[in-house]
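So this one's target_26.pdb, PDB, N, CA and C atoms:
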```pdb
ATOM      1  N   MET M  19       0.841  -1.181   0.000  1.00  0.00           N
ATOM      2  CA  MET M  19       0.000   0.000   0.000  1.00  0.00           C
ATOM      3  C   MET M  19       0.887   1.245   0.000  1.00  0.00           C
ATOM      4  N   THR M  20       0.569   2.178  -0.845  1.00  0.00           N
ATOM      5  CA  THR M  20       1.333   3.419  -0.922  1.00  0.00           C
ATOM      6  C   THR M  20       1.068   4.253   0.327  1.00  0.00           C
ATOM      7  N   PRO M  21       2.142   4.734   0.966  1.00  0.00           N
ATOM      8  CA  PRO M  21       1.949   5.550   2.160  1.00  0.00           C
ATOM      9  C   PRO M  21       1.290   6.877   1.840  1.00  0.00           C
ATOM     10  N   ARG M  22       0.663   7.449   2.852  1.00  0.00           N
ATOM     11  CA  ARG M  22       0.065   8.785   2.748  1.00  0.00           C
ATOM     12  C   ARG M  22       0.820   9.707   3.683  1.00  0.00           C
ATOM     13  N   ILE M  23       0.986  10.929   3.245  1.00  0.00           N
ATOM     14  CA  ILE M  23       1.704  11.932   4.033  1.00  0.00           C
ATOM     15  C   ILE M  23       0.734  13.039   4.404  1.00  0.00           C
ATOM     16  N   HIS M  24       0.735  13.383   5.678  1.00  0.00           N
ATOM     17  CA  HIS M  24      -0.003  14.560   6.124  1.00  0.00           C
ATOM     18  C   HIS M  24       1.013  15.525   6.708  1.00  0.00           C
ATOM     19  N   ILE M  25       1.034  16.742   6.186  1.00  0.00           N
ATOM     20  CA  ILE M  25       1.906  17.795   6.712  1.00  0.00           C
ATOM     21  C   ILE M  25       1.024  18.824   7.390  1.00  0.00           C
ATOM     22  N   ASP M  26       1.243  19.016   8.686  1.00  0.00           N
ATOM     23  CA  ASP M  26       0.518  20.038   9.440  1.00  0.00           C
ATOM     24  C   ASP M  26       1.175  21.371   9.126  1.00  0.00           C
ATOM     25  N   THR M  27       0.598  22.100   8.188  1.00  0.00           N
ATOM     26  CA  THR M  27       1.206  23.347   7.728  1.00  0.00           C
ATOM     27  C   THR M  27       1.219  24.428   8.804  1.00  0.00           C
ATOM     28  N   ALA M  28       0.335  24.321   9.779  1.00  0.00           N
ATOM     29  CA  ALA M  28       0.346  25.287  10.878  1.00  0.00           C
ATOM     30  C   ALA M  28       1.514  25.021  11.820  1.00  0.00           C
ATOM     31  N   ALA M  29       1.941  23.779  11.907  1.00  0.00           N
ATOM     32  CA  ALA M  29       3.033  23.418  12.812  1.00  0.00           C
ATOM     33  C   ALA M  29       4.405  23.501  12.138  1.00  0.00           C
ATOM     34  N   CYS M  30       4.441  23.319  10.825  1.00  0.00           N
ATOM     35  CA  CYS M  30       5.723  23.289  10.107  1.00  0.00           C
ATOM     36  C   CYS M  30       6.419  24.650  10.231  1.00  0.00           C
ATOM     37  N   ASN M  31       7.691  24.589  10.634  1.00  0.00           N
ATOM     38  CA  ASN M  31       8.497  25.804  10.759  1.00  0.00           C
ATOM     39  C   ASN M  31       9.611  25.880   9.728  1.00  0.00           C
ATOM     40  N   GLY M  32       9.619  24.935   8.794  1.00  0.00           N
ATOM     41  CA  GLY M  32      10.600  24.982   7.712  1.00  0.00           C
ATOM     42  C   GLY M  32      12.007  24.619   8.117  1.00  0.00           C
ATOM     43  N   TYR M  33      12.164  23.777   9.126  1.00  0.00           N
ATOM     44  CA  TYR M  33      13.506  23.359   9.539  1.00  0.00           C
ATOM     45  C   TYR M  33      14.235  22.608   8.435  1.00  0.00           C
ATOM     46  N   GLY M  34      13.506  21.865   7.614  1.00  0.00           N
ATOM     47  CA  GLY M  34      14.112  21.161   6.491  1.00  0.00           C
ATOM     48  C   GLY M  34      14.651  19.786   6.811  1.00  0.00           C
ATOM     49  N   ASN M  35      14.417  19.288   8.016  1.00  0.00           N
ATOM     50  CA  ASN M  35      14.893  17.951   8.360  1.00  0.00           C
ATOM     51  C   ASN M  35      14.296  16.900   7.437  1.00  0.00           C
ATOM     52  N   CYS M  36      13.063  17.113   6.992  1.00  0.00           N
ATOM     53  CA  CYS M  36      12.407  16.167   6.084  1.00  0.00           C
ATOM     54  C   CYS M  36      13.140  16.122   4.746  1.00  0.00           C
ATOM     55  N   LEU M  37      13.678  17.251   4.296  1.00  0.00           N
ATOM     56  CA  LEU M  37      14.428  17.285   3.053  1.00  0.00           C
ATOM     57  C   LEU M  37      15.724  16.509   3.160  1.00  0.00           C
ATOM     58  N   VAL M  38      16.350  16.571   4.319  1.00  0.00           N
ATOM     59  CA  VAL M  38      17.588  15.822   4.541  1.00  0.00           C
ATOM     60  C   VAL M  38      17.288  14.326   4.535  1.00  0.00           C
ATOM     61  N   ALA M  39      16.195  13.931   5.201  1.00  0.00           N
ATOM     62  CA  ALA M  39      15.843  12.517   5.309  1.00  0.00           C
ATOM     63  C   ALA M  39      15.296  11.958   3.994  1.00  0.00           C
ATOM     64  N   ALA M  40      14.510  12.740   3.280  1.00  0.00           N
ATOM     65  CA  ALA M  40      13.841  12.260   2.066  1.00  0.00           C
ATOM     66  C   ALA M  40      13.837  13.350   0.995  1.00  0.00           C
ATOM     67  N   PRO M  41      15.005  13.662   0.425  1.00  0.00           N
ATOM     68  CA  PRO M  41      15.088  14.777  -0.527  1.00  0.00           C
ATOM     69  C   PRO M  41      14.293  14.566  -1.815  1.00  0.00           C
ATOM     70  N   ASP M  42      14.011  13.330  -2.180  1.00  0.00           N
ATOM     71  CA  ASP M  42      13.216  13.082  -3.376  1.00  0.00           C
ATOM     72  C   ASP M  42      11.728  13.298  -3.131  1.00  0.00           C
ATOM     73  N   VAL M  43      11.329  13.287  -1.856  1.00  0.00           N
ATOM     74  CA  VAL M  43       9.916  13.353  -1.498  1.00  0.00           C
ATOM     75  C   VAL M  43       9.479  14.758  -1.097  1.00  0.00           C
ATOM     76  N   PHE M  44      10.309  15.460  -0.329  1.00  0.00           N
ATOM     77  CA  PHE M  44       9.918  16.749   0.250  1.00  0.00           C
ATOM     78  C   PHE M  44      10.688  17.911  -0.348  1.00  0.00           C
ATOM     79  N   ASP M  45      10.064  19.069  -0.287  1.00  0.00           N
ATOM     80  CA  ASP M  45      10.721  20.331  -0.627  1.00  0.00           C
ATOM     81  C   ASP M  45      10.077  21.406   0.239  1.00  0.00           C
ATOM     82  N   LEU M  46      10.674  22.581   0.264  1.00  0.00           N
ATOM     83  CA  LEU M  46      10.112  23.716   1.008  1.00  0.00           C
ATOM     84  C   LEU M  46       9.628  24.767   0.028  1.00  0.00           C
ATOM     85  N   ASP M  47       8.439  25.283   0.283  1.00  0.00           N
ATOM     86  CA  ASP M  47       7.899  26.359  -0.534  1.00  0.00           C
ATOM     87  C   ASP M  47       8.780  27.589  -0.336  1.00  0.00           C
ATOM     88  N   PRO M  48       9.292  28.184  -1.400  1.00  0.00           N
ATOM     89  CA  PRO M  48      10.192  29.325  -1.253  1.00  0.00           C
ATOM     90  C   PRO M  48       9.525  30.569  -0.661  1.00  0.00           C
ATOM     91  N   ASP M  49       8.212  30.668  -0.777  1.00  0.00           N
ATOM     92  CA  ASP M  49       7.513  31.839  -0.252  1.00  0.00           C
ATOM     93  C   ASP M  49       7.124  31.687   1.213  1.00  0.00           C
ATOM     94  N   THR M  50       6.714  30.466   1.598  1.00  0.00           N
ATOM     95  CA  THR M  50       6.215  30.259   2.963  1.00  0.00           C
ATOM     96  C   THR M  50       7.173  29.478   3.853  1.00  0.00           C
ATOM     97  N   ASN M  51       8.147  28.807   3.235  1.00  0.00           N
ATOM     98  CA  ASN M  51       9.093  27.948   3.955  1.00  0.00           C
ATOM     99  C   ASN M  51       8.389  26.753   4.614  1.00  0.00           C
ATOM    100  N   ILE M  52       7.245  26.356   4.063  1.00  0.00           N
ATOM    101  CA  ILE M  52       6.473  25.216   4.554  1.00  0.00           C
ATOM    102  C   ILE M  52       6.767  24.019   3.660  1.00  0.00           C
ATOM    103  N   ALA M  53       6.932  22.857   4.289  1.00  0.00           N
ATOM    104  CA  ALA M  53       7.218  21.635   3.545  1.00  0.00           C
ATOM    105  C   ALA M  53       6.023  21.220   2.685  1.00  0.00           C
ATOM    106  N   PHE M  54       6.327  20.609   1.557  1.00  0.00           N
ATOM    107  CA  PHE M  54       5.305  19.998   0.706  1.00  0.00           C
ATOM    108  C   PHE M  54       5.922  18.777   0.048  1.00  0.00           C
ATOM    109  N   THR M  55       5.073  17.907  -0.501  1.00  0.00           N
ATOM    110  CA  THR M  55       5.576  16.723  -1.182  1.00  0.00           C
ATOM    111  C   THR M  55       5.765  17.023  -2.660  1.00  0.00           C
ATOM    112  N   ARG M  56       6.836  16.482  -3.194  1.00  0.00           N
ATOM    113  CA  ARG M  56       7.137  16.662  -4.611  1.00  0.00           C
ATOM    114  C   ARG M  56       6.156  15.850  -5.457  1.00  0.00           C
ATOM    115  N   PRO M  57       5.866  16.300  -6.666  1.00  0.00           N
ATOM    116  CA  PRO M  57       4.973  15.549  -7.554  1.00  0.00           C
ATOM    117  C   PRO M  57       5.473  14.113  -7.757  1.00  0.00           C
ATOM    118  N   GLY M  58       4.525  13.188  -7.771  1.00  0.00           N
ATOM    119  CA  GLY M  58       4.858  11.788  -7.990  1.00  0.00           C
ATOM    120  C   GLY M  58       5.220  11.027  -6.730  1.00  0.00           C
ATOM    121  N   HIS M  59       5.189  11.708  -5.608  1.00  0.00           N
ATOM    122  CA  HIS M  59       5.531  11.066  -4.336  1.00  0.00           C
ATOM    123  C   HIS M  59       4.388  11.228  -3.361  1.00  0.00           C
ATOM    124  N   PRO M  60       4.232  10.353  -2.430  1.00  0.00           N
ATOM    125  CA  PRO M  60       5.113   9.231  -2.102  1.00  0.00           C
ATOM    126  C   PRO M  60       4.828   8.014  -2.979  1.00  0.00           C
ATOM    127  N   THR M  61       5.813   7.132  -3.025  1.00  0.00           N
ATOM    128  CA  THR M  61       5.672   5.841  -3.688  1.00  0.00           C
ATOM    129  C   THR M  61       5.977   4.760  -2.662  1.00  0.00           C
ATOM    130  N   ASP M  62       5.739   3.530  -3.024  1.00  0.00           N
ATOM    131  CA  ASP M  62       6.054   2.418  -2.124  1.00  0.00           C
ATOM    132  C   ASP M  62       7.540   2.411  -1.762  1.00  0.00           C
ATOM    133  N   ALA M  63       8.383   2.824  -2.686  1.00  0.00           N
ATOM    134  CA  ALA M  63       9.829   2.826  -2.456  1.00  0.00           C
ATOM    135  C   ALA M  63      10.265   3.894  -1.451  1.00  0.00           C
ATOM    136  N   ASP M  64       9.408   4.847  -1.146  1.00  0.00           N
ATOM    137  CA  ASP M  64       9.755   5.941  -0.233  1.00  0.00           C
ATOM    138  C   ASP M  64       9.552   5.598   1.245  1.00  0.00           C
ATOM    139  N   GLN M  65       9.016   4.448   1.559  1.00  0.00           N
ATOM    140  CA  GLN M  65       8.568   4.158   2.916  1.00  0.00           C
ATOM    141  C   GLN M  65       9.641   4.342   3.986  1.00  0.00           C
ATOM    142  N   ASP M  66      10.847   3.832   3.762  1.00  0.00           N
ATOM    143  CA  ASP M  66      11.891   3.947   4.789  1.00  0.00           C
ATOM    144  C   ASP M  66      12.284   5.404   5.033  1.00  0.00           C
ATOM    145  N   THR M  67      12.454   6.166   3.959  1.00  0.00           N
ATOM    146  CA  THR M  67      12.854   7.563   4.138  1.00  0.00           C
ATOM    147  C   THR M  67      11.724   8.402   4.729  1.00  0.00           C
ATOM    148  N   LEU M  68      10.471   8.010   4.442  1.00  0.00           N
ATOM    149  CA  LEU M  68       9.339   8.732   5.027  1.00  0.00           C
ATOM    150  C   LEU M  68       9.301   8.569   6.536  1.00  0.00           C
ATOM    151  N   ARG M  69       9.544   7.370   7.009  1.00  0.00           N
ATOM    152  CA  ARG M  69       9.555   7.134   8.459  1.00  0.00           C
ATOM    153  C   ARG M  69      10.676   7.934   9.117  1.00  0.00           C
ATOM    154  N   GLU M  70      11.808   8.023   8.447  1.00  0.00           N
ATOM    155  CA  GLU M  70      12.919   8.816   8.977  1.00  0.00           C
ATOM    156  C   GLU M  70      12.547  10.296   9.014  1.00  0.00           C
ATOM    157  N   ALA M  71      11.919  10.785   7.959  1.00  0.00           N
ATOM    158  CA  ALA M  71      11.495  12.187   7.905  1.00  0.00           C
ATOM    159  C   ALA M  71      10.485  12.485   9.007  1.00  0.00           C
ATOM    160  N   GLU M  72       9.552  11.578   9.209  1.00  0.00           N
ATOM    161  CA  GLU M  72       8.556  11.748  10.264  1.00  0.00           C
ATOM    162  C   GLU M  72       9.231  11.834  11.637  1.00  0.00           C
ATOM    163  N   ALA M  73      10.177  10.951  11.883  1.00  0.00           N
ATOM    164  CA  ALA M  73      10.874  10.921  13.176  1.00  0.00           C
ATOM    165  C   ALA M  73      11.792  12.131  13.368  1.00  0.00           C
ATOM    166  N   ASP M  74      12.337  12.652  12.275  1.00  0.00           N
ATOM    167  CA  ASP M  74      13.300  13.762  12.362  1.00  0.00           C
ATOM    168  C   ASP M  74      12.660  15.138  12.463  1.00  0.00           C
ATOM    169  N   CYS M  75      11.366  15.242  12.230  1.00  0.00           N
ATOM    170  CA  CYS M  75      10.706  16.555  12.281  1.00  0.00           C
ATOM    171  C   CYS M  75      10.649  17.031  13.736  1.00  0.00           C
ATOM    172  N   PRO M  76      11.308  18.137  14.049  1.00  0.00           N
ATOM    173  CA  PRO M  76      11.370  18.587  15.442  1.00  0.00           C
ATOM    174  C   PRO M  76      10.035  19.066  16.011  1.00  0.00           C
ATOM    175  N   VAL M  77       9.089  19.421  15.141  1.00  0.00           N
ATOM    176  CA  VAL M  77       7.782  19.884  15.628  1.00  0.00           C
ATOM    177  C   VAL M  77       6.669  18.880  15.340  1.00  0.00           C
ATOM    178  N   ARG M  78       7.057  17.702  14.850  1.00  0.00           N
ATOM    179  CA  ARG M  78       6.107  16.611  14.574  1.00  0.00           C
ATOM    180  C   ARG M  78       5.006  17.041  13.610  1.00  0.00           C
ATOM    181  N   ALA M  79       5.400  17.786  12.571  1.00  0.00           N
ATOM    182  CA  ALA M  79       4.434  18.277  11.586  1.00  0.00           C
ATOM    183  C   ALA M  79       4.128  17.255  10.499  1.00  0.00           C
ATOM    184  N   ILE M  80       4.877  16.151  10.470  1.00  0.00           N
ATOM    185  CA  ILE M  80       4.692  15.129   9.437  1.00  0.00           C
ATOM    186  C   ILE M  80       4.136  13.862  10.063  1.00  0.00           C
ATOM    187  N   ARG M  81       3.062  13.357   9.436  1.00  0.00           N
ATOM    188  CA  ARG M  81       2.493  12.059   9.858  1.00  0.00           C
ATOM    189  C   ARG M  81       2.381  11.188   8.626  1.00  0.00           C
ATOM    190  N   ILE M  82       2.826   9.950   8.764  1.00  0.00           N
ATOM    191  CA  ILE M  82       2.779   8.983   7.678  1.00  0.00           C
ATOM    192  C   ILE M  82       1.767   7.909   8.059  1.00  0.00           C
ATOM    193  N   SER M  83       0.916   7.551   7.113  1.00  0.00           N
ATOM    194  CA  SER M  83      -0.051   6.478   7.350  1.00  0.00           C
ATOM    195  C   SER M  83      -0.134   5.599   6.119  1.00  0.00           C
ATOM    196  N   GLY M  84      -0.696   4.426   6.305  1.00  0.00           N
ATOM    197  CA  GLY M  84      -0.940   3.536   5.186  1.00  0.00           C
ATOM    198  C   GLY M  84       0.260   2.780   4.686  1.00  0.00           C
ATOM    199  N   SER M  85       1.327   2.741   5.449  1.00  0.00           N
ATOM    200  CA  SER M  85       2.500   2.002   4.990  1.00  0.00           C
ATOM    201  C   SER M  85       2.672   0.734   5.773  1.00  0.00           C
TER     202      SER M  85
END
```
Encoded form (structure tokens):
Amino acid sequence: MTPRIHIDTAACNGYGNCLVAAPDVFDLDPDTNIAFTRPGHPTDADQDTLREAEADCPVRAIRISGS
């Protein structure tokens, strides 16, 4: 099952830890500095890096489900 990503945009402070953990999956909006998922992601192959990104977020703004 393909994982689902929920980003709490109110909690995200743009630390970028998710980009370090999963650079193919996440990016930061240049105007708001809020994380978003890149087009075409997530995929089944992203599961390990998604869990790392979720764990590395200092404000717990990322939740992964369905994996």
Between atom CA of M:Met19 and atom CA of M:Phe44, what is the spacing in Å?
-> 19.5 Å
Starting from the displayed file, determine the output of the PyMOL selection byres (((chain M and resi 26 and name CA) around 10) and name CA) and express the residue list as a VMD selection string.
-> chain M and resid 23 to 25 27 to 31 52 to 54 77 to 81
Please provide as a PyMOL selection string all residues within 8 Å of stretch 61-74 of chain M, with the sequence filter that same-chain residues fewer than 3 positions apart are discarded (counting only C-alpha atoms).
-> chain M and resi 19-21+35-40+43+58+78-82+85
Go ahead and write the selection's residues with N, CA and C atoms as a PDB file, in the frame of the given file.
```pdb
ATOM      1  N   MET M  19       0.841  -1.181   0.000  1.00  0.00           N
ATOM      2  CA  MET M  19       0.000   0.000   0.000  1.00  0.00           C
ATOM      3  C   MET M  19       0.887   1.245   0.000  1.00  0.00           C
ATOM      4  N   THR M  20       0.569   2.178  -0.845  1.00  0.00           N
ATOM      5  CA  THR M  20       1.333   3.419  -0.922  1.00  0.00           C
ATOM      6  C   THR M  20       1.068   4.253   0.327  1.00  0.00           C
ATOM      7  N   PRO M  21       2.142   4.734   0.966  1.00  0.00           N
ATOM      8  CA  PRO M  21       1.949   5.550   2.160  1.00  0.00           C
ATOM      9  C   PRO M  21       1.290   6.877   1.840  1.00  0.00           C
ATOM     10  N   ASN M  35      14.417  19.288   8.016  1.00  0.00           N
ATOM     11  CA  ASN M  35      14.893  17.951   8.360  1.00  0.00           C
ATOM     12  C   ASN M  35      14.296  16.900   7.437  1.00  0.00           C
ATOM     13  N   CYS M  36      13.063  17.113   6.992  1.00  0.00           N
ATOM     14  CA  CYS M  36      12.407  16.167   6.084  1.00  0.00           C
ATOM     15  C   CYS M  36      13.140  16.122   4.746  1.00  0.00           C
ATOM     16  N   LEU M  37      13.678  17.251   4.296  1.00  0.00           N
ATOM     17  CA  LEU M  37      14.428  17.285   3.053  1.00  0.00           C
ATOM     18  C   LEU M  37      15.724  16.509   3.160  1.00  0.00           C
ATOM     19  N   VAL M  38      16.350  16.571   4.319  1.00  0.00           N
ATOM     20  CA  VAL M  38      17.588  15.822   4.541  1.00  0.00           C
ATOM     21  C   VAL M  38      17.288  14.326   4.535  1.00  0.00           C
ATOM     22  N   ALA M  39      16.195  13.931   5.201  1.00  0.00           N
ATOM     23  CA  ALA M  39      15.843  12.517   5.309  1.00  0.00           C
ATOM     24  C   ALA M  39      15.296  11.958   3.994  1.00  0.00           C
ATOM     25  N   ALA M  40      14.510  12.740   3.280  1.00  0.00           N
ATOM     26  CA  ALA M  40      13.841  12.260   2.066  1.00  0.00           C
ATOM     27  C   ALA M  40      13.837  13.350   0.995  1.00  0.00           C
ATOM     28  N   VAL M  43      11.329  13.287  -1.856  1.00  0.00           N
ATOM     29  CA  VAL M  43       9.916  13.353  -1.498  1.00  0.00           C
ATOM     30  C   VAL M  43       9.479  14.758  -1.097  1.00  0.00           C
ATOM     31  N   GLY M  58       4.525  13.188  -7.771  1.00  0.00           N
ATOM     32  CA  GLY M  58       4.858  11.788  -7.990  1.00  0.00           C
ATOM     33  C   GLY M  58       5.220  11.027  -6.730  1.00  0.00           C
ATOM     34  N   ARG M  78       7.057  17.702  14.850  1.00  0.00           N
ATOM     35  CA  ARG M  78       6.107  16.611  14.574  1.00  0.00           C
ATOM     36  C   ARG M  78       5.006  17.041  13.610  1.00  0.00           C
ATOM     37  N   ALA M  79       5.400  17.786  12.571  1.00  0.00           N
ATOM     38  CA  ALA M  79       4.434  18.277  11.586  1.00  0.00           C
ATOM     39  C   ALA M  79       4.128  17.255  10.499  1.00  0.00           C
ATOM     40  N   ILE M  80       4.877  16.151  10.470  1.00  0.00           N
ATOM     41  CA  ILE M  80       4.692  15.129   9.437  1.00  0.00           C
ATOM     42  C   ILE M  80       4.136  13.862  10.063  1.00  0.00           C
ATOM     43  N   ARG M  81       3.062  13.357   9.436  1.00  0.00           N
ATOM     44  CA  ARG M  81       2.493  12.059   9.858  1.00  0.00           C
ATOM     45  C   ARG M  81       2.381  11.188   8.626  1.00  0.00           C
ATOM     46  N   ILE M  82       2.826   9.950   8.764  1.00  0.00           N
ATOM     47  CA  ILE M  82       2.779   8.983   7.678  1.00  0.00           C
ATOM     48  C   ILE M  82       1.767   7.909   8.059  1.00  0.00           C
ATOM     49  N   SER M  85       1.327   2.741   5.449  1.00  0.00           N
ATOM     50  CA  SER M  85       2.500   2.002   4.990  1.00  0.00           C
ATOM     51  C   SER M  85       2.672   0.734   5.773  1.00  0.00           C
TER      52      SER M  85
END
```
Check the DSSP output for the backbone and give back, as an MDAnalysis selection string, the residues of stretch 37-71 of chain M in strand (DSSP E).
-> chainID M and resid 44:46 53:55
Expected file contents, prior selection, N, CA and C atoms, as a CSV table (one decimal), keeping the file's coordinate frame:
```csv
chain,number,residue,atom,x,y,z
M,44,PHE,N,10.3,15.5,-0.3
M,44,PHE,CA,9.9,16.7,0.2
M,44,PHE,C,10.7,17.9,-0.3
M,45,ASP,N,10.1,19.1,-0.3
M,45,ASP,CA,10.7,20.3,-0.6
M,45,ASP,C,10.1,21.4,0.2
M,46,LEU,N,10.7,22.6,0.3
M,46,LEU,CA,10.1,23.7,1.0
M,46,LEU,C,9.6,24.8,0.0
M,53,ALA,N,6.9,22.9,4.3
M,53,ALA,CA,7.2,21.6,3.5
M,53,ALA,C,6.0,21.2,2.7
M,54,PHE,N,6.3,20.6,1.6
M,54,PHE,CA,5.3,20.0,0.7
M,54,PHE,C,5.9,18.8,0.0
M,55,THR,N,5.1,17.9,-0.5
M,55,THR,CA,5.6,16.7,-1.2
M,55,THR,C,5.8,17.0,-2.7
```
Return as a VMD selection string the full set of residues in chain M whose backbone-based DSSP assignment is alpha helix (DSSP H).
-> chain M and resid 35 to 39 65 to 74
Grab the atom CA of M:Asp49 to atom N of M:Cys75 distance for me, in Å with one decimal place.
->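 Interatomic distance here is 21.1 Å.
One distance worth recording is that between atom CA of M:Arg22 and atom C of M:Thr55, which is 11.4 Å.
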Edge lengths and centre in Å to one decimal, as JSON, is what I'm after for the box along x, y and z that holds all listed atoms of stretch 56-62 of chain M once 4 Å is added on each side.
```
{"center_x": 5.9, "center_y": 9.5, "center_z": -4.9, "size_x": 11.3, "size_y": 22.3, "size_z": 14.2}
```
Residue with smallest distance to M:Pro60 - pool M:Pro48, M:Asp42, M:Pro76, M:Gly34, counting only N, CA and C atoms =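 Ranked by minimum distance to M:Pro60, first place goes to M:Asp42.
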